[in-house]
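Listing of target_24.txt; format and content: compact mmCIF, C-alpha atoms.
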# COMPACT_ATOMS: atom_id res chain seq x y z
CA MET Q 62 -24.87 -14.92 3.06
CA SER Q 63 -21.68 -14.55 5.04
CA HIS Q 64 -20.50 -11.20 6.35
CA SER Q 65 -17.88 -9.54 4.18
CA VAL Q 66 -15.65 -8.12 6.91
CA PRO Q 67 -12.38 -9.97 7.51
CA PHE Q 68 -12.58 -10.47 11.25
CA ARG Q 69 -15.50 -12.88 11.47
CA ALA Q 70 -15.27 -14.86 14.70
CA ARG Q 71 -13.84 -18.31 14.37
CA GLY Q 72 -15.21 -21.22 16.33
CA ARG Q 73 -18.32 -23.36 16.36
CA ILE Q 74 -20.04 -23.62 12.99
CA VAL Q 75 -23.83 -23.32 13.18
CA ALA Q 76 -26.09 -25.22 10.82
CA GLY Q 77 -27.10 -23.25 7.70
CA CYS Q 78 -30.70 -22.63 8.72
CA THR Q 79 -29.64 -21.51 12.21
CA ALA Q 80 -27.09 -19.05 10.82
CA LEU Q 81 -29.70 -17.59 8.51
CA VAL Q 82 -32.18 -16.95 11.28
CA VAL Q 83 -29.53 -15.51 13.62
CA ALA Q 84 -28.50 -13.12 10.87
CA LEU Q 85 -31.98 -12.08 9.73
CA GLY Q 86 -34.12 -12.51 12.85
CA ALA Q 87 -37.70 -13.68 13.01
CA GLY Q 88 -38.50 -12.28 9.57
CA ALA Q 89 -36.54 -15.12 7.94
CA ALA Q 90 -39.11 -17.87 8.21
CA GLY Q 91 -38.17 -19.81 5.11
CA CYS Q 92 -36.50 -22.60 7.09
CA SER Q 93 -38.95 -22.66 9.98
CA GLY Q 94 -41.87 -24.89 10.70
CA ASP Q 95 -44.38 -25.53 13.46
CA GLY Q 96 -42.53 -26.14 16.73
CA ASP Q 97 -39.17 -25.06 15.28
CA PRO Q 98 -37.34 -23.05 18.03
CA LEU Q 99 -35.66 -20.98 15.35
CA ALA Q 100 -39.00 -19.53 14.22
CA ALA Q 101 -39.18 -17.30 17.31
CA ALA Q 102 -37.59 -13.86 17.56
CA PRO Q 103 -34.14 -13.87 19.21
CA TYR Q 104 -34.41 -13.68 22.99
CA ASP Q 105 -32.64 -11.04 25.07
CA ALA Q 106 -29.26 -12.53 25.95
CA ALA Q 107 -28.28 -9.82 28.46
CA ASP Q 108 -28.35 -12.27 31.38
CA GLN Q 109 -26.40 -14.86 29.43
CA ILE Q 110 -23.23 -12.85 28.69
CA SER Q 111 -20.85 -10.41 30.33
CA PHE Q 112 -18.18 -8.13 28.92
CA ASN Q 113 -15.32 -6.16 30.39
CA GLY Q 114 -16.42 -2.76 29.13
CA PRO Q 115 -17.85 0.08 31.25
CA THR Q 116 -21.53 0.00 32.26
CA GLY Q 117 -21.97 3.23 34.19
CA ALA Q 118 -22.94 6.58 32.67
CA GLY Q 119 -19.92 8.66 31.70
CA GLN Q 120 -17.46 5.79 32.16
CA THR Q 121 -14.95 4.93 29.44
CA ALA Q 122 -13.02 1.80 28.56
CA ASP Q 123 -9.25 1.59 28.60
CA PRO Q 124 -8.17 1.31 24.93
CA ASP Q 125 -5.01 -0.44 26.10
CA GLN Q 126 -7.05 -3.47 27.20
CA PRO Q 127 -8.58 -6.05 24.82
CA LEU Q 128 -12.35 -6.31 24.65
CA GLU Q 129 -13.74 -9.58 26.03
CA VAL Q 130 -17.24 -11.10 25.89
CA VAL Q 131 -17.96 -14.20 28.01
CA ALA Q 132 -20.92 -16.61 28.07
CA GLU Q 133 -21.91 -16.79 31.76
CA ASP Q 134 -24.80 -19.22 31.37
CA SER Q 135 -23.77 -22.87 31.13
CA ASP Q 136 -26.91 -23.53 29.08
CA GLY Q 137 -25.87 -21.12 26.32
CA ARG Q 138 -22.97 -20.26 24.05
CA ILE Q 139 -21.79 -17.39 21.88
CA THR Q 140 -22.13 -17.96 18.14
CA ASP Q 141 -20.92 -14.64 16.77
CA VAL Q 142 -19.62 -11.22 17.85
CA THR Q 143 -19.13 -8.08 15.79
CA ALA Q 144 -17.57 -4.91 17.20
CA GLN Q 145 -17.60 -1.73 15.14
CA ASP Q 146 -16.75 1.91 15.81
CA ALA Q 147 -18.81 4.92 14.75
CA SER Q 148 -16.84 5.37 11.51
CA GLY Q 149 -17.46 1.78 10.40
CA ARG Q 150 -14.13 0.20 11.32
CA TYR Q 151 -14.37 -3.35 12.62
CA VAL Q 152 -12.38 -4.87 15.46
CA ALA Q 153 -10.74 -8.20 14.69
CA GLY Q 154 -11.51 -10.93 17.20
CA GLU Q 155 -11.48 -14.64 17.96
CA LEU Q 156 -14.17 -16.91 19.38
CA SER Q 157 -13.19 -19.96 21.41
CA ALA Q 158 -14.09 -23.35 19.98
CA ASP Q 159 -16.66 -24.01 22.72
CA GLY Q 160 -18.33 -20.62 22.28
CA THR Q 161 -17.69 -19.47 25.84
CA ARG Q 162 -15.37 -16.53 25.15
CA TRP Q 163 -14.67 -13.95 22.43
CA HIS Q 164 -11.80 -11.47 22.65
CA SER Q 165 -10.45 -8.74 20.38
CA VAL Q 166 -7.07 -9.26 18.68
CA SER Q 167 -6.66 -5.79 17.13
CA PRO Q 168 -6.26 -2.53 19.06
CA LEU Q 169 -9.17 -0.35 20.07
CA ALA Q 170 -9.11 3.30 19.04
CA ALA Q 171 -8.99 5.94 21.74
CA ASP Q 172 -11.87 8.36 22.40
CA THR Q 173 -14.20 6.35 20.17
CA ARG Q 174 -17.72 4.94 20.51
CA TYR Q 175 -18.15 1.21 19.84
CA THR Q 176 -21.18 -0.99 19.21
CA VAL Q 177 -20.86 -4.71 19.98
CA ARG Q 178 -23.47 -7.15 18.65
CA VAL Q 179 -23.45 -10.56 20.29
CA SER Q 180 -25.36 -13.57 18.95
CA THR Q 181 -25.97 -16.60 21.18
CA GLU Q 182 -27.95 -19.80 21.30
CA ASN Q 183 -29.19 -21.97 24.15
CA ASP Q 184 -29.16 -25.77 24.41
CA ASP Q 185 -32.46 -25.93 22.52
CA GLY Q 186 -30.96 -24.08 19.58
CA GLU Q 187 -32.93 -20.89 20.19
CA PRO Q 188 -31.10 -17.76 19.06
CA GLY Q 189 -30.34 -14.88 21.40
CA ARG Q 190 -29.14 -11.36 20.79
CA GLU Q 191 -27.56 -8.57 22.82
CA VAL Q 192 -26.28 -5.17 21.69
CA LEU Q 193 -23.67 -3.41 23.86
CA THR Q 194 -22.28 0.10 23.48
CA PHE Q 195 -19.35 1.79 25.18
CA ARG Q 196 -16.78 4.52 24.65
CA THR Q 197 -13.01 4.37 25.02
CA GLY Q 198 -11.02 7.02 26.87
CA ARG Q 199 -8.45 9.44 25.57
CA PRO Q 200 -4.86 8.23 25.08
CA ALA Q 201 -2.37 9.09 27.79
CA ALA Q 202 0.60 8.85 25.41
CA ASN Q 203 2.41 12.02 24.41
CA LYS Q 204 3.38 11.00 20.87
CA ARG Q 205 1.30 10.84 17.71
CA LEU Q 206 2.28 8.94 14.61
CA ASP Q 207 1.20 11.08 11.67
CA VAL Q 208 1.32 9.86 8.07
CA THR Q 209 2.21 11.88 4.97
CA PHE Q 210 1.23 10.28 1.67
CA GLY Q 211 2.95 10.99 -1.63
CA PRO Q 212 3.10 12.00 -4.38
CA GLU Q 213 1.14 15.24 -4.53
CA ALA Q 214 -2.17 15.28 -6.38
CA GLY Q 215 -1.82 15.23 -10.17
CA THR Q 216 -1.36 12.90 -13.12
CA TYR Q 217 1.60 10.49 -13.15
CA GLY Q 218 3.01 7.66 -15.17
CA VAL Q 219 1.98 4.07 -14.49
CA GLY Q 220 5.19 3.35 -12.53
CA GLN Q 221 4.58 5.89 -9.77
CA PRO Q 222 4.52 4.23 -6.30
CA VAL Q 223 2.48 5.54 -3.38
CA THR Q 224 4.69 6.58 -0.47
CA ALA Q 225 3.82 6.88 3.23
CA GLU Q 226 6.22 8.77 5.51
CA LEU Q 227 5.76 8.26 9.26
CA SER Q 228 6.46 10.92 11.87
CA GLU Q 229 7.79 8.30 14.32
CA PRO Q 230 9.90 5.18 13.66
CA VAL Q 231 8.16 1.80 13.90
CA ARG Q 232 10.48 -1.19 14.34
CA ASP Q 233 8.46 -3.90 16.06
CA PRO Q 234 6.83 -6.33 13.57
CA ALA Q 235 3.53 -6.41 15.47
CA GLN Q 236 3.38 -2.62 15.59
CA ARG Q 237 4.22 -2.43 11.89
CA ALA Q 238 1.26 -4.71 11.22
CA VAL Q 239 -1.02 -2.33 13.14
CA VAL Q 240 0.21 0.63 11.09
CA GLU Q 241 0.12 -1.13 7.75
CA ARG Q 242 -3.37 -2.49 8.33
CA ALA Q 243 -4.62 1.09 8.71
CA LEU Q 244 -2.99 2.42 5.52
CA LYS Q 245 -5.46 1.90 2.68
CA VAL Q 246 -4.88 2.15 -1.07
CA ARG Q 247 -7.54 1.57 -3.66
CA SER Q 248 -7.54 2.06 -7.40
CA THR Q 249 -10.14 2.21 -10.13
CA PRO Q 250 -9.89 -0.15 -11.92
CA ALA Q 251 -8.89 -2.41 -9.04
CA VAL Q 252 -5.48 -4.13 -9.08
CA GLU Q 253 -3.54 -6.31 -6.68
CA GLY Q 254 -0.98 -4.39 -4.65
CA ALA Q 255 0.95 -4.36 -1.36
CA TRP Q 256 2.94 -2.14 0.98
CA HIS Q 257 6.69 -2.61 1.43
CA TRP Q 258 8.60 -1.22 4.42
CA VAL Q 259 11.57 0.73 3.04
CA ASP Q 260 12.80 1.50 6.56
CA ASP Q 261 11.37 2.27 10.00
CA GLU Q 262 9.76 5.50 8.82
CA GLU Q 263 8.78 4.95 5.19
CA LEU Q 264 6.58 2.55 3.22
CA HIS Q 265 5.96 2.25 -0.52
CA TYR Q 266 2.86 0.77 -2.17
CA ARG Q 267 2.81 -0.58 -5.72
CA PRO Q 268 0.74 -3.05 -7.74
CA ARG Q 269 2.01 -6.43 -8.85
CA ASP Q 270 2.29 -4.95 -12.35
CA TYR Q 271 2.23 -1.30 -13.40
CA TRP Q 272 -0.90 0.76 -12.73
CA PRO Q 273 -3.54 0.60 -15.46
CA VAL Q 274 -3.71 3.45 -17.96
CA GLY Q 275 -6.17 6.12 -16.84
CA ALA Q 276 -6.49 4.75 -13.30
CA THR Q 277 -7.56 6.72 -10.23
CA VAL Q 278 -5.46 5.91 -7.16
CA GLU Q 279 -6.51 6.90 -3.64
CA ALA Q 280 -4.68 6.46 -0.33
CA TYR Q 281 -6.02 7.19 3.15
CA SER Q 282 -5.43 6.21 6.78
CA THR Q 283 -7.68 4.85 9.52
CA LEU Q 284 -4.85 5.01 12.06
CA GLU Q 285 -6.02 8.01 14.07
CA GLY Q 286 -6.64 7.09 17.72
CA ILE Q 287 -5.26 3.57 17.35
CA LYS Q 288 -2.69 2.42 19.91
CA ILE Q 289 0.62 1.49 18.29
CA SER Q 290 2.80 1.15 21.38
CA ASP Q 291 2.69 2.19 25.03
CA ARG Q 292 3.83 5.70 24.11
CA VAL Q 293 2.64 6.14 20.53
CA TRP Q 294 -0.87 6.48 19.13
CA GLY Q 295 -2.06 6.92 15.58
CA GLY Q 296 -2.38 10.48 14.34
CA GLY Q 297 -3.77 12.17 11.28
CA ALA Q 298 -3.11 11.86 7.55
CA LYS Q 299 -4.28 13.90 4.59
CA PRO Q 300 -5.85 11.60 1.97
CA LEU Q 301 -4.15 11.28 -1.42
CA ARG Q 302 -5.67 11.07 -4.88
CA PHE Q 303 -3.87 10.95 -8.21
CA THR Q 304 -4.51 9.64 -11.71
CA THR Q 305 -2.33 7.85 -14.24
CA GLY Q 306 -1.73 8.78 -17.85
CA ASP Q 307 -0.53 6.65 -20.75
CA ARG Q 308 1.82 3.72 -20.26
CA VAL Q 309 5.11 5.29 -21.42
CA ILE Q 310 8.22 3.12 -21.19
CA ALA Q 311 11.62 4.08 -22.60
CA VAL Q 312 13.97 1.12 -23.04
CA THR Q 313 17.65 1.94 -23.44
CA ASP Q 314 19.82 -0.83 -24.87
CA ALA Q 315 23.34 0.14 -23.82
CA ALA Q 316 24.91 -2.43 -26.14
CA ALA Q 317 22.92 -1.28 -29.17
CA HIS Q 318 23.24 2.42 -28.20
CA THR Q 319 19.55 3.06 -28.81
CA MET Q 320 16.51 4.11 -26.79
CA THR Q 321 13.12 2.88 -27.92
CA VAL Q 322 10.10 4.72 -26.51
CA TYR Q 323 6.75 2.94 -26.27
CA ARG Q 324 3.33 4.40 -25.54
CA ASN Q 325 0.65 1.90 -24.56
CA GLY Q 326 2.68 -0.91 -26.13
CA GLU Q 327 3.37 0.80 -29.46
CA GLU Q 328 6.77 2.09 -30.50
CA ILE Q 329 6.65 5.85 -31.04
CA ARG Q 330 10.35 6.75 -31.43
CA ARG Q 331 13.79 5.16 -31.66
CA ILE Q 332 16.64 7.42 -30.60
CA PRO Q 333 20.44 7.03 -30.99
CA VAL Q 334 22.04 7.45 -27.54
CA THR Q 335 25.25 7.10 -25.63
CA THR Q 336 25.43 5.66 -22.12
CA GLY Q 337 28.10 5.29 -19.43
CA LYS Q 338 31.65 4.51 -20.52
CA PRO Q 339 33.86 1.95 -18.70
CA GLY Q 340 34.18 2.90 -15.07
CA PHE Q 341 30.98 4.97 -15.24
CA GLU Q 342 28.52 2.40 -16.58
CA THR Q 343 24.83 3.30 -16.51
CA ARG Q 344 22.78 1.33 -14.01
CA ASN Q 345 20.70 -1.51 -15.42
CA GLY Q 346 17.09 -1.94 -14.44
CA VAL Q 347 13.86 -0.01 -14.18
CA LYS Q 348 13.86 3.59 -13.00
CA VAL Q 349 10.93 5.94 -12.50
CA VAL Q 350 11.05 9.51 -13.80
CA LEU Q 351 11.51 11.76 -10.73
CA GLY Q 352 11.27 15.16 -12.40
CA LYS Q 353 12.22 17.34 -15.34
CA GLU Q 354 14.66 20.29 -15.33
CA PRO Q 355 14.94 22.51 -18.42
CA PHE Q 356 18.49 23.48 -17.46
CA VAL Q 357 21.06 21.90 -15.11
CA ARG Q 358 24.68 22.79 -14.57
CA MET Q 359 26.44 19.45 -14.18
CA ARG Q 360 29.72 19.41 -12.27
CA SER Q 361 31.86 16.31 -11.83
CA SER Q 362 32.77 17.35 -8.29
CA THR Q 363 29.18 16.59 -7.17
CA VAL Q 364 29.69 12.89 -7.97
CA GLY Q 365 33.17 12.55 -6.48
CA ILE Q 366 35.32 13.29 -9.53
CA ALA Q 367 38.16 15.63 -8.62
CA GLU Q 368 38.36 18.94 -10.46
CA GLY Q 369 41.20 19.04 -12.96
CA SER Q 370 41.30 15.28 -13.42
CA ALA Q 371 40.96 13.62 -16.81
CA ASP Q 372 37.27 12.86 -16.15
CA SER Q 373 36.26 16.19 -14.62
CA TYR Q 374 33.55 18.27 -16.31
CA ASP Q 375 31.45 21.41 -15.80
CA LEU Q 376 28.72 21.56 -18.42
CA PRO Q 377 25.46 23.41 -19.08
CA VAL Q 378 22.83 20.73 -19.79
CA HIS Q 379 19.39 21.25 -21.34
CA PHE Q 380 16.22 19.14 -21.29
CA ALA Q 381 17.31 17.02 -18.35
CA THR Q 382 14.94 14.27 -17.19
CA ARG Q 383 16.01 12.97 -13.77
CA VAL Q 384 15.83 9.23 -12.94
CA THR Q 385 18.03 9.00 -9.80
CA TRP Q 386 18.71 11.36 -6.91
CA SER Q 387 22.45 10.81 -7.35
CA GLY Q 388 22.38 12.58 -10.69
CA GLU Q 389 21.52 10.15 -13.48
CA TYR Q 390 19.53 11.90 -16.23
CA VAL Q 391 18.32 11.47 -19.76
CA HIS Q 392 19.48 14.75 -21.34
CA ALA Q 393 20.74 16.66 -24.35
CA ALA Q 394 24.43 15.98 -25.07
CA PRO Q 395 25.35 17.88 -28.27
CA TRP Q 396 29.05 17.34 -27.56
CA SER Q 397 28.69 13.56 -28.06
CA VAL Q 398 26.48 13.42 -31.17
CA ALA Q 399 29.23 11.68 -33.14
CA SER Q 400 29.20 8.80 -30.63
CA GLN Q 401 25.44 8.52 -30.20
CA GLY Q 402 24.24 5.27 -31.73
CA SER Q 403 27.72 3.78 -31.83
CA ALA Q 404 29.67 4.17 -28.57
CA ASN Q 405 29.24 4.74 -24.83
CA VAL Q 406 31.15 7.83 -23.74
CA SER Q 407 29.11 9.44 -20.93
CA HIS Q 408 29.71 9.48 -17.18
CA GLY Q 409 26.53 7.44 -16.55
CA CYS Q 410 23.73 9.51 -18.03
CA VAL Q 411 21.84 8.69 -21.23
CA GLY Q 412 22.82 11.36 -23.75
CA MET Q 413 21.13 12.24 -27.03
CA SER Q 414 20.87 15.11 -29.50
CA THR Q 415 19.24 18.33 -28.37
CA GLY Q 416 16.25 17.76 -30.67
CA ASN Q 417 15.65 14.24 -29.37
CA ALA Q 418 16.14 15.36 -25.77
CA GLU Q 419 13.59 18.14 -26.22
CA TRP Q 420 11.11 15.64 -27.66
CA PHE Q 421 11.71 13.18 -24.82
CA PHE Q 422 11.43 15.97 -22.23
CA GLY Q 423 8.04 16.95 -23.64
CA THR Q 424 6.79 13.36 -23.94
CA VAL Q 425 7.43 11.87 -20.50
CA ARG Q 426 6.04 12.83 -17.08
CA GLU Q 427 6.86 11.93 -13.48
CA GLY Q 428 6.08 8.27 -12.88
CA ASP Q 429 6.93 7.16 -16.42
CA LEU Q 430 9.47 4.37 -16.78
CA VAL Q 431 13.03 4.33 -18.07
CA GLU Q 432 14.60 0.88 -18.34
CA VAL Q 433 18.25 0.20 -19.12
CA VAL Q 434 19.34 -3.20 -20.44
CA ASN Q 435 22.65 -4.72 -21.55
CA SER Q 436 24.82 -2.32 -19.58
CA TYR Q 437 27.84 -3.46 -17.60
CA GLY Q 438 26.62 -1.31 -14.71
CA GLU Q 439 25.07 -2.57 -11.50
CA THR Q 440 21.32 -2.95 -11.14
CA MET Q 441 19.38 0.07 -9.93
CA GLU Q 442 18.92 -0.17 -6.16
CA PRO Q 443 15.27 -0.55 -5.06
CA PHE Q 444 15.33 2.34 -2.57
CA GLY Q 445 17.37 5.35 -1.54
CA ASN Q 446 18.32 6.67 -4.96
CA GLY Q 447 14.92 7.24 -6.51
CA PHE Q 448 12.17 4.74 -7.21
CA GLY Q 449 13.80 1.42 -8.07
CA ASP Q 450 10.77 -0.39 -6.64
CA TRP Q 451 10.10 -2.31 -9.85
CA ASN Q 452 13.46 -4.08 -9.67
CA LEU Q 453 12.03 -6.35 -6.96
CA ASP Q 454 9.87 -9.20 -8.22
CA TRP Q 455 6.43 -9.64 -6.67
CA LYS Q 456 7.54 -12.28 -4.16
CA GLN Q 457 10.38 -10.05 -2.95
CA TRP Q 458 8.04 -7.07 -2.77
CA ARG Q 459 5.43 -8.88 -0.67
CA ALA Q 460 8.17 -10.11 1.67
CA GLY Q 461 8.63 -6.49 2.75
CA SER Q 462 5.06 -6.25 4.03
CA ALA Q 463 4.22 -6.78 7.70
CA LEU Q 464 0.94 -8.38 6.61
CA THR Q 465 1.67 -10.41 3.47
CA GLY Q 466 5.35 -11.32 3.93
CA GLY Q 467 5.76 -15.07 3.59
CA LYS Q 468 2.12 -15.65 2.62
CA PRO Q 469 1.14 -17.15 -0.74
CA ASP Q 470 -0.34 -14.92 -3.41
CA GLY Q 471 -4.10 -14.62 -3.57
CA PRO Q 472 -6.18 -14.29 -6.73
CA ARG Q 473 -5.79 -11.03 -8.63
CA PRO Q 474 -8.82 -8.69 -8.76
CA GLU Q 475 -8.69 -8.83 -12.56
CA ASP Q 476 -9.02 -12.62 -12.34
CA ALA Q 477 -12.32 -12.38 -10.47
CA ALA Q 478 -14.40 -12.79 -13.61
CA ARG Q 479 -12.78 -16.17 -14.24
CA LEU Q 480 -13.85 -17.31 -10.78
CA ARG Q 481 -17.52 -16.55 -11.34
CA PRO Q 482 -19.94 -19.08 -12.90
CA ALA Q 483 -20.65 -18.40 -16.53
CA GLN Q 484 -23.88 -16.52 -17.16
CA VAL Q 485 -26.70 -18.60 -18.56

So that I can check it, write out the structure of this file as structure tokens.
Amino acid sequence: MSHSVPFRARGRIVAGCTALVVALGAGAAGCSGDGDPLAAAPYDAADQISFNGPTGAGQTADPDQPLEVVAEDSDGRITDVTAQDASGRYVAGELSADGTRWHSVSPLAADTRYTVRVSTENDDGEPGREVLTFRTGRPAANKRLDVTFGPEAGTYGVGQPVTAELSEPVRDPAQRAVVERALKVRSTPAVEGAWHWVDDEELHYRPRDYWPVGATVEAYSTLEGIKISDRVWGGGAKPLRFTTGDRVIAVTDAAAHTMTVYRNGEEIRRIPVTTGKPGFETRNGVKVVLGKEPFVRMRSSTVGIAEGSADSYDLPVHFATRVTWSGEYVHAAPWSVASQGSANVSHGCVGMSTGNAEWFFGTVREGDLVEVVNSYGETMEPFGNGFGDWNLDWKQWRAGSALTGGKPDGPRPEDAARLRPAQV
């Protein structure tokens, strides 16, 4: 059975029986026979290898330097190396094709204890083993990169992205890869997802499709103590956990002047609405509910409309559900009831009767989805004005990752059952 961690050393491939005995030791005798060198317990390979870590008591390794293991004996070679810290994190590494050298390719954490397990074999095919331990020193850098995950704990709609705000900007692609590799998101049930760099200090994580109904989503960081640059090291992060509710999607057809609300794929209400009039067209695309405000005083001056002009307004608004930071809402608009269902007369918001707005306000939660179609407005921007993340297709989304950008899609977790042999 192959090891499940992603960093397995690349290089010389050992015959199946040899690999089994190296992995399991002398207790795995199924492939052995009289005179088979693999039947013996692994020999001590201490004299066969060297590594660049500290050997004296109290000494520490420089986390800035890569770890290196070398086969010193010309009659032997390295077949495998695993390096793991005390918390279970593995160090990625590469093994040369001739088995003479292994070196780490991911950063070491500072002030951390490591265990390195080296497997070897001699010219007769006999397996060797050596276990090395060392500790890295404390970082000399004076900056820590802390991570703040969002949203806060609670229950959200299936469109809610995970956010990660960084305390220091990260611009270099290689450094972004280090950071992103340490930011973990898992959901139950499992879904395919990826991070996307919004800018130098913010990342968003979303699945390929919306989160499943009733999912548990967790985010955490393994970045603490990891070197990111010469002056910046990974800091702390409070783990995040939230759950998802029903799949609630409200589709507004600006041309038909209606909003149709679906819960878990079933239509639950159709509402006459009005959307943005010419010059103030409502944005097309998918928006995520950002919050709900029972009362908002809406002034045209806050969106650049001069007071006293023909389009100026100053209105008390009830049951306002926010979908952009710039001020687009779904809200009660009793002054436009005569136009709702037949004409678009608003300044960009989706207006409806007070009764319908109260129902909508009580039905949706943060993270639910509001989609506008058939408007003459521009498409909702992906970032900067709320959560327009879902307006990028999956290929575009993955292109914003420092790890998956430009790489082909892998199989989805939900497709795993189709990859397994049928049960007999």

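With distances taken over all atoms listed in the file, Q:Val334 is the one residue among Q:Lys353, Q:Val431, Q:Lys348, Q:Val334 lying closest to Thr415 in chain Q.
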
Taking (0.1, 9.4, 4.9) as a centre in this file's frame and 12 Å as the limit, can you find every polymer residue with an atom that close, using only C-alpha atoms, and give them as a ChimeraX atom specification? /Q:206-213,223-228,240-241,243-246,262-266,279-285,295-302

Applying 12 Å and all atoms listed in the file, which residues near Val425 in chain Q remain after dropping the ones on its own chain fewer than 5 positions away? List them as a short mmCIF file (atom, residue, chain, number, x, y, z; two decimals) with C-alpha atoms, in the frame of the given file.
data_model
loop_
_atom_site.label_atom_id
_atom_site.label_comp_id
_atom_site.auth_asym_id
_atom_site.auth_seq_id
_atom_site.Cartn_x
_atom_site.Cartn_y
_atom_site.Cartn_z
CA THR Q 216 -1.36 12.90 -13.12
CA TYR Q 217 1.60 10.49 -13.15
CA GLY Q 218 3.01 7.66 -15.17
CA VAL Q 219 1.98 4.07 -14.49
CA GLY Q 220 5.19 3.35 -12.53
CA GLY Q 306 -1.73 8.78 -17.85
CA ASP Q 307 -0.53 6.65 -20.75
CA ARG Q 308 1.82 3.72 -20.26
CA VAL Q 309 5.11 5.29 -21.42
CA ILE Q 310 8.22 3.12 -21.19
CA ALA Q 311 11.62 4.08 -22.60
CA VAL Q 322 10.10 4.72 -26.51
CA TYR Q 323 6.75 2.94 -26.27
CA ARG Q 324 3.33 4.40 -25.54
CA VAL Q 349 10.93 5.94 -12.50
CA VAL Q 350 11.05 9.51 -13.80
CA LEU Q 351 11.51 11.76 -10.73
CA GLY Q 352 11.27 15.16 -12.40
CA LYS Q 353 12.22 17.34 -15.34
CA PHE Q 380 16.22 19.14 -21.29
CA ALA Q 381 17.31 17.02 -18.35
CA THR Q 382 14.94 14.27 -17.19
CA ARG Q 383 16.01 12.97 -13.77
CA VAL Q 384 15.83 9.23 -12.94
CA VAL Q 391 18.32 11.47 -19.76
CA ALA Q 418 16.14 15.36 -25.77
CA GLU Q 419 13.59 18.14 -26.22
CA TRP Q 420 11.11 15.64 -27.66
CA LEU Q 430 9.47 4.37 -16.78
CA VAL Q 431 13.03 4.33 -18.07
#

For range 418-432 of chain Q, take all atoms listed in the file, fit an axis-aligned box around them, add 3 Å to each of the six sides, then output centre and edge lengths in Å rounded to one decimal, as lines of an AutoDock Vina configuration file.
center_x = 11.1
center_y = 9.5
center_z = -20.3
size_x = 16.1
size_y = 23.3
size_z = 20.8

Around the point (0.7, -6.0, 14.0), in the coordinates given by the file, pick out the residues reaching within 12 Å, counting all atoms listed in the file, and return them as a PyMOL selection string. chain Q and resi 153+166-168+231-243+287-290+462-465

Under the rule that all atoms listed in the file are counted, which of Q:Lys338, Q:Arg330, Q:His392, Q:Arg360 is the nearest residue to His408 in chain Q? Q:Lys338

Work out how far apart CA of Pro124 in chain Q and CA of Gly198 in chain Q are and give it in Å to one decimal. 6.7 Å

Min atom-atom distance to Tyr390 in chain Q from the set Q:Ala118, Q:Val406, Q:Val131, Q:Met359, counting only C-alpha atoms, belongs to Q:Met359

Do you know which residues are at most 8 Å from Asp105 in chain Q counting only C-alpha atoms, after dropping those on the same chain fewer than 6 positions away, and could you put them as a ChimeraX atom specification? /Q:189-191
